[in-house]
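Enquirer: Dumping the structure here so I can ask a few things about it.
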Amino acid sequence: MITHILTHSVIVCCLLVTTQAFGQTPRTEPPVARTPKALPKLADTTASKTYLTPVEFYAPTNQVHDTLNYNYPRYSPARRAVYPHATLGNLGSPARSLYYSMPMPKGLNPGHHAFDLYKANFDNFRFYDTNVALSRLEYSQGLSQEDGIIRAEFGRNFDKGINFSLNYQRINQKGQFQSQRAKNTAFGVGILYRSPKGKLDGIYHYLSNSIVHEDNGGVDKAEIDSTDLIVNVPVRILSAMTTHRNRELTIQHHFHVFASSSDSIRKKADLDIIHTLKVGSGHVKFSDPELLVEEASYYSAFVTDDRGMRNFLATETFENSLDFQFRYLNKEPQVPSHLLRVGLQLRNLKLNYEPVESNVDELFLNASGQLGISKRVSVDGRVYLGFLDASGEYRLDANARLNLFKDAKTWAQLNLYQRKPSLIETRLFINQIPVWSMDFKNVSKSSLQFYYVHPSIRLQIHGAAHLVSNMIYFDSERQPRQLDETVELLQLSVSKELQLGPIGVLGHLMLQEYDVNEVALPHLIFNGQLFYTGRWFKKNLLVRTGIDVLVTDTYSGVSYFPVTGQFYFSDDFEIPQYPAVDVFFSMQVKDVFMAFAKMENVTAFFSEEHFIEIAEYPQFEGYFRFGLWMKLFD
C-alpha cells in the first residue's frame, strides 16, 4: 500500500512539471547517415575543443566543459545511458534496454548482446584535439573495495602530427547474493597521425574487452523474506561462470588526393581513398563444472552430461575494406558538405563452436552520401548490401534535416534492415552435444523516426514507428522461437527541464505500445530528478542535491538464462511497478574536481516489496555509494 501511494505521489509531482522539465544540449549536427545513439547532454555546458571519432572522421564534435549535471551521480552504465537499462541487480551484470532498441549487427552475429553496454568499440573511440594533455579519472565505490567502477581517459596532440588517446573502464562488483560477482574491463588505445603536407591521415587502434561474470540463476523472493542475512539466501546454481573476451587491432589510412598543404586555404573539393584493416579474436564461454541435483533441475533439458556444463564459441576475424570518397565543400562553413562514398568490405571469420569448426566469407557493398542544401536543410544516407555468406542482408539509413529555428534541430529518419538469424538462435551445443538446430527466416525491421531538439527551452522529442517481421525471441522453455506475424511498435519520448531559481526538475517520459506480449517491455517509463543547485563558500563550491526517480508500469517480464546468455520471455513472470528513488548529494570545485554521495533505492526502507527489473534477480536495497572525479592537466 505504501509503495503504491509513493509511486503515484512521485509520478504526479514530477509529471506536473514534466511538460516544462528535462533537456540536454544537442550536437551541432546529428551523425551523418547514422541513427543518433543518444540524446545529448544537458544544456548547462559550453563548447570547448573538439574531438573526432573514426565513424565521424570528417565531422569533428564539440567537446563540452565538465560540470555537474543530472547524469554525474548515475555512475552505472545502465542508468547513465540515455534510455535506462534493466540489469540482474548488480553493477556490470547482463543488461537490456527498457526502451525498445533492436541490435543491428552487420554480418554474422553470434547473438550475445547482454554485455554490449560495457564494451569498448572502435567506431566511437575519441581523439581529442588539444595541445594540453587531457586526463580524466572517475572512481565510484560502494560499501567495500569489492564494489567499484573506475574510468580513465587521456588525450593529447604531440609533435609531428601525432595524437595519442586512451580509454579505460573497470567494473568490480561482488553482488549482494552468492555467486554474483562481475569483473568487466574495457580498454582502448589509439594513435592518430596527420602528415605535414595533409596528404595522409592514419588511425592505429587496439581494443580489449574482458567480461567475467558469475552466474547464480537468480533467487526466490520468498527465500529473501524468510532468511535473516542476504548472503545466506539460497541461489539456484553456485559454480557457473560466463566469460566474454575479444581483442581487435585496426589500421586505417585516409589518403587525400587533392589535399591542400595550407591550413589557411579552405579546399573546395577532395578525393579520399580510405583503407581499413581489422584483425580480431575472441571467445564466449559458459561453464559449470559442478552439477548438483538442484542445479540439474534448474538446467532441465539442457543437461547433456551429469558431470557439468560447457558452451564455447571462439572466433577469429580478418576484415579488409577499401572506400573512395568525394567531398565538395560549400562556400559557407555552416552549410554541410556534399559527400559521396562507395566501397567494398571483405570479412572472413573462423568459427570454433565446439565441436564444429567453420569458415564464413562475407562481402559488403557500402555507400553513403550527404547533400548540404542550406544552413537549415540537408539530407544524408547510408546503405550496405551483403553478398557471399552475407547474401540477403542489408541496411539503409536515410535522414532529412530541417532546422526552422535558430538553435532548434529537427530531423526525420528512415531505417530498413534485414539480417540472418544469429548463431545462438540457430544452433546450440552443450558439452559438444547438439541441443537444438533451427531453420529460421531472415529477421527484418523497418522504422520511421522523428527527432526534435530545442536547447534554448531544453526540450527534446522522439517518436518512432517500427515494423519487425519474423521476430525471434526465447520462450519460457528458454528456446528460440519465431513469430509468424509482423510486430508493430510505437514509441514516444519527451524530455524537458525546468529550473526556477535554485530548484529544478528534470523529466523524461517514455511511452511505447506494441501488439504482441513477447516484446516484454514496459509501456510507460518515467526517469526524472528533483534537485537543488547552488554555490556555497563564496561561490567557490557548486552543489547539486536531490532525488532521482525511475518508475515503470507493471508488464509481462523476462528472466535471464546464463547457458545461452539470453533474456527469455514467460507469461509466468511479471515485473511489478516500483518507484526506485535514490537520494544524492554532489559537488564541484572549479572544473577539476567533482564528488558525490548517494543512497540508492531508499524506497526499500518504506516498502516490503522488492525492486526487480529482471524476474528472479532483485536489485540492492538501501545501498550507499560515493564517487570522485578529477581532471588533470599537463
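Residues are named by chain letter and number: chains run A, B, ... in the order of the C-alpha cells, numbers start at 1 in each chain, and ligands are numbered from 1 in the order shown.
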Taking 5 positions as the minimum chain separation for residues in the same chain, which residues sit within 8 Å of A:Ser93 when counting only C-alpha atoms? Answer as a PyMOL selection string.
Expert: chain A and resi 87-88+115+182+213
Enquirer: Near A:Phe286, within 9 Å and counting only C-alpha atoms, which residues show up once chain neighbours fewer than 2 positions away are dropped, as an NGL selection string?
Expert: :A and (240-243 or 284 or 288 or 309-312 or 562-565)
Enquirer: DSSP on the backbone: what in stretch 287-343 of chain A comes out strand (DSSP E or B), as a list in words?
Expert: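 Across stretch 287-343 of chain A, those assigned strand (DSSP E or B) are Ser287, Asp288, Met309, Arg310, Asn311, Phe312, Leu313, Ala314, Thr315, Glu316, Thr317, Phe318, Glu319, Asn320, Ser321, Leu322, Asp323, Phe324, Gln325, Phe326, Arg327, Tyr328, His338, Leu339, Leu340, Arg341, Val342 and Gly343 of chain A.
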Enquirer: Those residues you just picked out, can you put them in a file as a CSV table (one decimal), in the first residue's frame with C-alpha atoms?
Expert:
chain,number,residue,atom,x,y,z
A,287,SER,CA,30.7,-23.3,-17.9
A,288,ASP,CA,29.5,-25.0,-14.7
A,309,MET,CA,28.0,-27.8,-18.5
A,310,ARG,CA,30.1,-26.1,-21.2
A,311,ASN,CA,29.1,-23.9,-24.1
A,312,PHE,CA,32.1,-22.5,-26.0
A,313,LEU,CA,32.5,-20.3,-29.1
A,314,ALA,CA,35.8,-19.0,-30.4
A,315,THR,CA,36.1,-16.5,-33.3
A,316,GLU,CA,39.0,-15.2,-35.4
A,317,THR,CA,38.2,-12.2,-37.7
A,318,PHE,CA,40.0,-10.7,-40.6
A,319,GLU,CA,38.5,-7.7,-42.3
A,320,ASN,CA,39.7,-5.6,-45.3
A,321,SER,CA,37.8,-2.7,-46.8
A,322,LEU,CA,38.5,0.0,-49.4
A,323,ASP,CA,36.4,3.1,-49.9
A,324,PHE,CA,36.5,6.0,-52.3
A,325,GLN,CA,35.1,9.3,-51.0
A,326,PHE,CA,34.4,12.6,-52.8
A,327,ARG,CA,33.8,15.7,-50.8
A,328,TYR,CA,32.7,19.1,-52.1
A,338,HIS,CA,28.3,17.4,-50.3
A,339,LEU,CA,29.7,13.9,-49.9
A,340,LEU,CA,29.6,10.6,-51.7
A,341,ARG,CA,31.4,7.5,-50.5
A,342,VAL,CA,31.4,4.0,-52.0
A,343,GLY,CA,33.5,0.9,-51.2
Enquirer: Pick the closest to A:Glu223 from A:Phe177, A:Tyr99, A:Trp436, A:Tyr568: which is it, counting only C-alpha atoms?
Expert: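 Nearest candidate to A:Glu223 out of A:Phe177, A:Tyr99, A:Trp436, A:Tyr568: A:Phe177.
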Enquirer: May I ask which of the residues A:Leu388, A:Ile203, A:Leu143, A:Ile171 is the closest one to A:Arg625, counting only C-alpha atoms?
Expert: A:Leu143
Enquirer: Give the helix (DSSP H, G or I) residues of stretch 59-119 of chain A, as DSSP finds them on the backbone, and put them as a compact mmCIF listing (two decimals) with all heavy atoms, in the first residue's frame.
Expert:
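Written file, states.txt:
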# COMPACT_ATOMS: atom_id res chain seq x y z
N PRO A 77 26.60 2.32 -15.98
CA PRO A 77 26.27 2.46 -17.40
C PRO A 77 24.80 2.20 -17.69
O PRO A 77 24.24 2.78 -18.63
CB PRO A 77 27.16 1.41 -18.07
CG PRO A 77 28.31 1.23 -17.14
CD PRO A 77 27.72 1.39 -15.76
N ALA A 78 24.14 1.35 -16.88
CA ALA A 78 22.73 1.05 -17.11
C ALA A 78 21.84 2.24 -16.81
O ALA A 78 20.77 2.38 -17.41
CB ALA A 78 22.30 -0.14 -16.24
N ARG A 79 22.24 3.11 -15.89
CA ARG A 79 21.46 4.31 -15.58
C ARG A 79 22.00 5.53 -16.29
O ARG A 79 21.26 6.49 -16.52
CB ARG A 79 21.44 4.56 -14.07
CG ARG A 79 20.63 3.58 -13.27
CD ARG A 79 19.15 3.59 -13.64
NE ARG A 79 18.55 4.91 -13.55
CZ ARG A 79 18.09 5.45 -12.43
NH1 ARG A 79 18.15 4.76 -11.30
NH2 ARG A 79 17.55 6.64 -12.43
N ARG A 80 23.26 5.53 -16.64
CA ARG A 80 23.85 6.68 -17.32
C ARG A 80 23.45 6.73 -18.80
O ARG A 80 23.50 7.77 -19.44
CB ARG A 80 25.37 6.66 -17.17
CG ARG A 80 26.06 7.91 -17.67
CD ARG A 80 27.51 7.95 -17.23
NE ARG A 80 27.66 8.36 -15.84
CZ ARG A 80 28.82 8.63 -15.25
NH1 ARG A 80 29.94 8.53 -15.94
NH2 ARG A 80 28.87 8.98 -13.98
N ASP A 116 26.89 -5.83 -24.07
CA ASP A 116 27.32 -4.80 -25.01
C ASP A 116 27.47 -3.43 -24.34
O ASP A 116 28.31 -2.62 -24.75
CB ASP A 116 26.32 -4.68 -26.17
CG ASP A 116 26.43 -5.83 -27.15
OD1 ASP A 116 27.30 -6.70 -26.95
OD2 ASP A 116 25.63 -5.89 -28.10
N LEU A 117 26.69 -3.17 -23.32
CA LEU A 117 26.68 -1.87 -22.65
C LEU A 117 28.04 -1.54 -22.04
O LEU A 117 28.38 -0.38 -21.85
CB LEU A 117 25.61 -1.87 -21.56
CG LEU A 117 25.24 -0.55 -20.90
CD1 LEU A 117 24.65 0.41 -21.91
CD2 LEU A 117 24.28 -0.78 -19.75
N TYR A 118 28.84 -2.56 -21.74
CA TYR A 118 30.10 -2.35 -21.02
C TYR A 118 31.33 -2.47 -21.91
O TYR A 118 32.46 -2.35 -21.43
CB TYR A 118 30.22 -3.37 -19.89
CG TYR A 118 28.96 -3.53 -19.08
CD1 TYR A 118 28.18 -4.69 -19.17
CD2 TYR A 118 28.53 -2.52 -18.23
CE1 TYR A 118 27.02 -4.84 -18.43
CE2 TYR A 118 27.37 -2.66 -17.49
CZ TYR A 118 26.61 -3.82 -17.60
OH TYR A 118 25.46 -3.96 -16.87
Enquirer: Near stretch 595-602 of chain A, within 10 Å and counting only C-alpha atoms, which residues show up once chain neighbours fewer than 5 positions away are dropped, as an MDAnalysis selection string?
Expert: chainID A and resid 68 72:75 138:142 543:550 579:589 607 610:611 619:630
Enquirer: Could you dump the residues just selected with N, CA and C atoms as a compact mmCIF listing (two decimals), in the first residue's frame?
Expert:
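Full text of selection34.txt as output:
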# COMPACT_ATOMS: atom_id res chain seq x y z
N LEU A 68 28.76 19.66 -13.17
CA LEU A 68 27.72 18.85 -12.55
C LEU A 68 26.47 18.85 -13.41
N TYR A 72 25.79 12.80 -13.59
CA TYR A 72 27.03 12.50 -12.89
C TYR A 72 26.85 11.49 -11.75
N PRO A 73 25.86 11.62 -10.84
CA PRO A 73 25.72 10.60 -9.79
C PRO A 73 25.23 9.25 -10.32
N ARG A 74 24.77 9.21 -11.54
CA ARG A 74 24.36 7.93 -12.14
C ARG A 74 25.61 7.24 -12.68
N TYR A 75 26.36 6.63 -11.80
CA TYR A 75 27.64 6.04 -12.12
C TYR A 75 27.51 4.80 -13.01
N GLU A 138 37.70 8.91 -13.05
CA GLU A 138 36.43 8.82 -12.32
C GLU A 138 36.41 7.51 -11.54
N TYR A 139 36.04 7.59 -10.26
CA TYR A 139 36.03 6.40 -9.42
C TYR A 139 34.79 6.43 -8.54
N SER A 140 34.15 5.29 -8.43
CA SER A 140 32.98 5.16 -7.57
C SER A 140 33.08 3.85 -6.81
N GLN A 141 32.65 3.88 -5.53
CA GLN A 141 32.76 2.70 -4.69
C GLN A 141 31.55 2.60 -3.77
N GLY A 142 31.15 1.36 -3.49
CA GLY A 142 30.08 1.10 -2.54
C GLY A 142 30.64 0.90 -1.15
N VAL A 543 27.08 23.06 -5.89
CA VAL A 543 26.42 21.96 -5.20
C VAL A 543 25.15 21.59 -5.95
N ARG A 544 24.87 20.30 -6.02
CA ARG A 544 23.63 19.81 -6.61
C ARG A 544 23.18 18.62 -5.78
N THR A 545 21.97 18.70 -5.24
CA THR A 545 21.46 17.62 -4.40
C THR A 545 19.96 17.45 -4.66
N GLY A 546 19.48 16.22 -4.47
CA GLY A 546 18.06 15.98 -4.73
C GLY A 546 17.74 14.50 -4.74
N ILE A 547 16.67 14.15 -5.45
CA ILE A 547 16.24 12.75 -5.57
C ILE A 547 16.18 12.37 -7.04
N ASP A 548 16.52 11.12 -7.30
CA ASP A 548 16.50 10.54 -8.63
C ASP A 548 15.43 9.45 -8.65
N VAL A 549 14.55 9.46 -9.65
CA VAL A 549 13.40 8.56 -9.67
C VAL A 549 13.36 7.78 -10.98
N LEU A 550 13.12 6.48 -10.87
CA LEU A 550 12.88 5.63 -12.03
C LEU A 550 11.64 4.79 -11.74
N PRO A 579 8.57 2.39 -7.50
CA PRO A 579 9.23 3.70 -7.61
C PRO A 579 10.63 3.64 -7.01
N ALA A 580 11.64 3.42 -7.83
CA ALA A 580 13.02 3.37 -7.36
C ALA A 580 13.52 4.79 -7.14
N VAL A 581 13.75 5.16 -5.88
CA VAL A 581 14.15 6.52 -5.53
C VAL A 581 15.55 6.50 -4.93
N ASP A 582 16.45 7.31 -5.49
CA ASP A 582 17.80 7.49 -4.96
C ASP A 582 17.92 8.92 -4.43
N VAL A 583 18.62 9.09 -3.33
CA VAL A 583 18.91 10.41 -2.77
C VAL A 583 20.39 10.69 -2.96
N PHE A 584 20.74 11.86 -3.50
CA PHE A 584 22.14 12.12 -3.82
C PHE A 584 22.56 13.52 -3.40
N PHE A 585 23.85 13.69 -3.20
CA PHE A 585 24.48 14.98 -2.97
C PHE A 585 25.75 15.00 -3.81
N SER A 586 25.92 16.03 -4.64
CA SER A 586 27.12 16.14 -5.47
C SER A 586 27.66 17.55 -5.42
N MET A 587 28.96 17.68 -5.64
CA MET A 587 29.60 18.99 -5.59
C MET A 587 30.74 19.06 -6.58
N GLN A 588 31.13 20.29 -6.92
CA GLN A 588 32.20 20.52 -7.88
C GLN A 588 33.04 21.70 -7.46
N VAL A 589 34.37 21.55 -7.56
CA VAL A 589 35.32 22.63 -7.31
C VAL A 589 35.95 23.00 -8.64
N SER A 607 8.97 0.06 2.09
CA SER A 607 8.14 -0.91 1.40
C SER A 607 8.65 -2.32 1.65
N HIS A 610 10.02 -5.84 -3.35
CA HIS A 610 11.39 -5.84 -3.83
C HIS A 610 11.48 -5.15 -5.19
N PHE A 611 12.58 -4.44 -5.39
CA PHE A 611 12.83 -3.77 -6.66
C PHE A 611 13.40 -4.79 -7.63
N GLN A 619 17.14 -6.13 -7.13
CA GLN A 619 18.14 -5.09 -7.01
C GLN A 619 18.55 -4.94 -5.54
N PHE A 620 19.63 -4.18 -5.32
CA PHE A 620 20.07 -3.87 -3.97
C PHE A 620 19.00 -3.08 -3.23
N GLU A 621 18.96 -3.23 -1.93
CA GLU A 621 18.02 -2.49 -1.09
C GLU A 621 18.80 -1.52 -0.21
N GLY A 622 18.50 -0.22 -0.35
CA GLY A 622 19.11 0.79 0.51
C GLY A 622 20.63 0.72 0.51
N TYR A 623 21.26 1.06 -0.60
CA TYR A 623 22.68 0.85 -0.75
C TYR A 623 23.40 2.19 -0.88
N PHE A 624 24.49 2.38 -0.10
CA PHE A 624 25.24 3.64 -0.11
C PHE A 624 26.41 3.56 -1.07
N ARG A 625 26.67 4.67 -1.75
CA ARG A 625 27.80 4.74 -2.68
C ARG A 625 28.33 6.15 -2.75
N PHE A 626 29.64 6.28 -2.97
CA PHE A 626 30.24 7.59 -3.18
C PHE A 626 31.11 7.53 -4.43
N GLY A 627 31.46 8.69 -4.95
CA GLY A 627 32.27 8.74 -6.16
C GLY A 627 33.09 10.00 -6.25
N LEU A 628 34.21 9.93 -6.97
CA LEU A 628 35.13 11.05 -7.18
C LEU A 628 35.43 11.18 -8.66
N TRP A 629 35.67 12.39 -9.10
CA TRP A 629 36.03 12.66 -10.49
C TRP A 629 37.08 13.75 -10.50
N MET A 630 38.14 13.57 -11.27
CA MET A 630 39.22 14.56 -11.35
C MET A 630 39.64 14.76 -12.78
Enquirer: Please, what distance in Å, to one decimal, runs between atom CA of A:Lys160 and atom CA of A:Tyr206?
Expert: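 One can read the atom CA of A:Lys160 to atom CA of A:Tyr206 distance as 21.3 Å.
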Enquirer: Between A:Leu91, A:Ser446, A:Asp215, A:His254, which one has atoms that come closest to A:Phe57, using only C-alpha atoms?
Expert: A:His254
Enquirer: Which residue, A:Val377, A:Val82, A:Leu423, A:Ala133, has the smallest gap to A:Ser493 when you use only C-alpha atoms?
Expert: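 That would be A:Val82, the residue with the smallest distance to A:Ser493.
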Enquirer: List every residue of stretch 48-146 of chain A that has an atom at most 12 Å from any atom of stretch 188-195 of chain A, and for each one report the closest atom pair and its distance in Å to one decimal, counting only C-alpha atoms, with rows sorted by chain and then by increasing residue number, as a Markdown table.
Expert:
| residue | atom | partner | partner_atom | distance |
| --- | --- | --- | --- | --- |
| A:Tyr51 | CA | A:Leu192 | CA | 11.6 |
| A:Leu52 | CA | A:Leu192 | CA | 10.2 |
| A:Thr53 | CA | A:Leu192 | CA | 10.4 |
| A:Pro54 | CA | A:Leu192 | CA | 10.0 |
| A:Phe57 | CA | A:Leu192 | CA | 10.9 |
| A:Lys119 | CA | A:Gly188 | CA | 9.9 |
| A:Ala120 | CA | A:Gly188 | CA | 6.7 |
| A:Asn121 | CA | A:Gly188 | CA | 7.8 |
| A:Phe122 | CA | A:Gly188 | CA | 8.0 |
| A:Asp123 | CA | A:Gly188 | CA | 11.3 |
| A:Asn124 | CA | A:Gly188 | CA | 10.5 |
| A:Phe125 | CA | A:Gly188 | CA | 7.6 |
| A:Arg126 | CA | A:Gly190 | CA | 8.7 |
| A:Phe127 | CA | A:Leu192 | CA | 7.3 |
| A:Tyr128 | CA | A:Leu192 | CA | 9.9 |
| A:Asp129 | CA | A:Leu192 | CA | 10.4 |
Enquirer: I need the chosen residues saved as a PDB file, in the first residue's frame, with N, CA and C atoms.
Expert:
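The result, stored in part.pdb:
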ATOM      1  N   TYR A  51      36.624  16.902 -30.684  1.00  0.00           N
ATOM      2  CA  TYR A  51      37.178  15.561 -30.820  1.00  0.00           C
ATOM      3  C   TYR A  51      36.554  14.923 -32.051  1.00  0.00           C
ATOM      4  N   LEU A  52      37.197  13.904 -32.558  1.00  0.00           N
ATOM      5  CA  LEU A  52      36.633  13.166 -33.683  1.00  0.00           C
ATOM      6  C   LEU A  52      36.677  11.681 -33.368  1.00  0.00           C
ATOM      7  N   THR A  53      35.808  10.952 -34.035  1.00  0.00           N
ATOM      8  CA  THR A  53      35.754   9.511 -33.911  1.00  0.00           C
ATOM      9  C   THR A  53      35.943   8.900 -35.298  1.00  0.00           C
ATOM     10  N   PRO A  54      36.377   7.644 -35.382  1.00  0.00           N
ATOM     11  CA  PRO A  54      36.568   7.044 -36.710  1.00  0.00           C
ATOM     12  C   PRO A  54      35.316   7.037 -37.566  1.00  0.00           C
ATOM     13  N   PHE A  57      34.835  10.834 -38.918  1.00  0.00           N
ATOM     14  CA  PHE A  57      36.185  11.370 -39.049  1.00  0.00           C
ATOM     15  C   PHE A  57      36.206  12.750 -39.687  1.00  0.00           C
ATOM     16  N   LYS A 119      31.143  -2.700 -23.200  1.00  0.00           N
ATOM     17  CA  LYS A 119      32.273  -2.985 -24.073  1.00  0.00           C
ATOM     18  C   LYS A 119      32.736  -1.748 -24.837  1.00  0.00           C
ATOM     19  N   ALA A 120      34.047  -1.670 -25.053  1.00  0.00           N
ATOM     20  CA  ALA A 120      34.623  -0.619 -25.889  1.00  0.00           C
ATOM     21  C   ALA A 120      34.517  -1.026 -27.350  1.00  0.00           C
ATOM     22  N   ASN A 121      34.474  -0.029 -28.246  1.00  0.00           N
ATOM     23  CA  ASN A 121      34.456  -0.325 -29.677  1.00  0.00           C
ATOM     24  C   ASN A 121      35.258   0.721 -30.435  1.00  0.00           C
ATOM     25  N   PHE A 122      35.610   0.381 -31.645  1.00  0.00           N
ATOM     26  CA  PHE A 122      36.470   1.247 -32.462  1.00  0.00           C
ATOM     27  C   PHE A 122      35.730   2.469 -32.983  1.00  0.00           C
ATOM     28  N   ASP A 123      34.494   2.301 -33.437  1.00  0.00           N
ATOM     29  CA  ASP A 123      33.777   3.366 -34.130  1.00  0.00           C
ATOM     30  C   ASP A 123      33.646   4.632 -33.289  1.00  0.00           C
ATOM     31  N   ASN A 124      33.444   4.488 -31.967  1.00  0.00           N
ATOM     32  CA  ASN A 124      33.173   5.651 -31.117  1.00  0.00           C
ATOM     33  C   ASN A 124      34.371   6.078 -30.281  1.00  0.00           C
ATOM     34  N   PHE A 125      35.544   5.569 -30.577  1.00  0.00           N
ATOM     35  CA  PHE A 125      36.749   5.962 -29.840  1.00  0.00           C
ATOM     36  C   PHE A 125      37.076   7.424 -30.132  1.00  0.00           C
ATOM     37  N   ARG A 126      37.401   8.196 -29.091  1.00  0.00           N
ATOM     38  CA  ARG A 126      37.586   9.637 -29.245  1.00  0.00           C
ATOM     39  C   ARG A 126      39.061  10.032 -29.323  1.00  0.00           C
ATOM     40  N   PHE A 127      39.370  10.877 -30.316  1.00  0.00           N
ATOM     41  CA  PHE A 127      40.669  11.538 -30.415  1.00  0.00           C
ATOM     42  C   PHE A 127      40.438  13.027 -30.143  1.00  0.00           C
ATOM     43  N   TYR A 128      41.012  13.542 -29.051  1.00  0.00           N
ATOM     44  CA  TYR A 128      40.792  14.926 -28.639  1.00  0.00           C
ATOM     45  C   TYR A 128      41.814  15.846 -29.286  1.00  0.00           C
ATOM     46  N   ASP A 129      41.302  16.952 -29.828  1.00  0.00           N
ATOM     47  CA  ASP A 129      42.154  17.954 -30.475  1.00  0.00           C
ATOM     48  C   ASP A 129      42.581  18.980 -29.423  1.00  0.00           C
TER      49      ASP A 129
END
Enquirer: Distance atom CA of A:Gln491-atom CA of A:Ala114, one decimal place?
Expert: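 Taking atom CA of A:Gln491 as the start and atom CA of A:Ala114 as the end point, the length is 22.5 Å.
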Enquirer: Can you tell me which residues surround stretch 362-367 of chain A at a distance of at most 6 Å, considering only C-alpha atoms, apart from same-chain residues fewer than 2 positions away, and format the answer as a list in words?
Expert: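 So, after excluding close chain neighbours, the residues are Arg341, Val342, Gly343, Leu344, Gln345, Leu346, Arg347, Arg382, Val383, Tyr384, Leu385, Gly386, Phe387, Leu388, Asp389 and Ala390 of chain A.
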Enquirer: How about saving the chosen residues, N, CA and C atoms kept, as a CSV table (one decimal), in the first residue's frame?
Expert:
chain,number,residue,atom,x,y,z
A,341,ARG,N,30.4,8.5,-50.9
A,341,ARG,CA,31.4,7.5,-50.5
A,341,ARG,C,30.9,6.1,-50.9
A,342,VAL,N,31.7,5.3,-51.6
A,342,VAL,CA,31.4,4.0,-52.0
A,342,VAL,C,32.6,3.1,-51.7
A,343,GLY,N,32.3,1.8,-51.4
A,343,GLY,CA,33.5,0.9,-51.2
A,343,GLY,C,33.0,-0.5,-51.0
A,344,LEU,N,34.0,-1.4,-50.9
A,344,LEU,CA,33.8,-2.8,-50.7
A,344,LEU,C,34.5,-3.2,-49.4
A,345,GLN,N,33.8,-4.2,-48.7
A,345,GLN,CA,34.3,-4.7,-47.4
A,345,GLN,C,34.3,-6.2,-47.4
A,346,LEU,N,35.4,-6.8,-47.2
A,346,LEU,CA,35.5,-8.3,-47.2
A,346,LEU,C,35.9,-8.7,-45.8
A,347,ARG,N,35.1,-9.7,-45.3
A,347,ARG,CA,35.3,-10.2,-44.0
A,347,ARG,C,35.4,-11.7,-43.9
A,382,ARG,N,22.9,6.2,-45.7
A,382,ARG,CA,24.0,5.2,-45.7
A,382,ARG,C,23.3,3.9,-46.0
A,383,VAL,N,24.0,3.0,-46.8
A,383,VAL,CA,23.4,1.7,-47.2
A,383,VAL,C,24.5,0.7,-47.3
A,384,TYR,N,24.2,-0.5,-47.0
A,384,TYR,CA,25.1,-1.6,-47.4
A,384,TYR,C,24.2,-2.8,-47.8
A,385,LEU,N,24.8,-3.6,-48.7
A,385,LEU,CA,24.3,-4.9,-49.2
A,385,LEU,C,25.2,-6.0,-49.0
A,386,GLY,N,24.7,-7.2,-48.5
A,386,GLY,CA,25.6,-8.3,-48.3
A,386,GLY,C,25.6,-9.3,-49.4
A,387,PHE,N,26.8,-9.9,-49.6
A,387,PHE,CA,27.0,-10.9,-50.6
A,387,PHE,C,27.7,-12.1,-50.0
A,388,LEU,N,27.9,-13.2,-50.8
A,388,LEU,CA,28.5,-14.4,-50.4
A,388,LEU,C,27.8,-15.0,-49.2
A,389,ASP,N,28.4,-15.3,-48.1
A,389,ASP,CA,27.7,-15.8,-46.9
A,389,ASP,C,26.8,-14.8,-46.2
A,390,ALA,N,26.9,-13.5,-46.6
A,390,ALA,CA,26.0,-12.5,-46.0
A,390,ALA,C,24.9,-12.1,-47.0
Enquirer: Between A:Arg247, A:Asp591, A:Val212, A:Arg151, which one has atoms that come closest to A:Gln173, using only C-alpha atoms?
Expert: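 Checking each candidate against A:Gln173, we get A:Val212 as the closest.
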Enquirer: List the neighbours of A:Asn131 out to 9 Å using only C-alpha atoms; skip same-chain residues closer than 4 positions along the sequence, and give me the result as a PyMOL selection string.
Expert: chain A and resi 156-158
Enquirer: For atom CA of A:Arg376 and atom CA of A:Leu404, quote the distance in Å rounded to one decimal.
Expert: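 Interatomic distance here is 6.6 Å.
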Enquirer: Between A:Lys406, A:Asp147, A:Ala615, A:Thr67, which has the minimum distance to A:Leu541 (counting only C-alpha atoms)?
Expert: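 Among the listed residues, A:Thr67 lies closest to A:Leu541.
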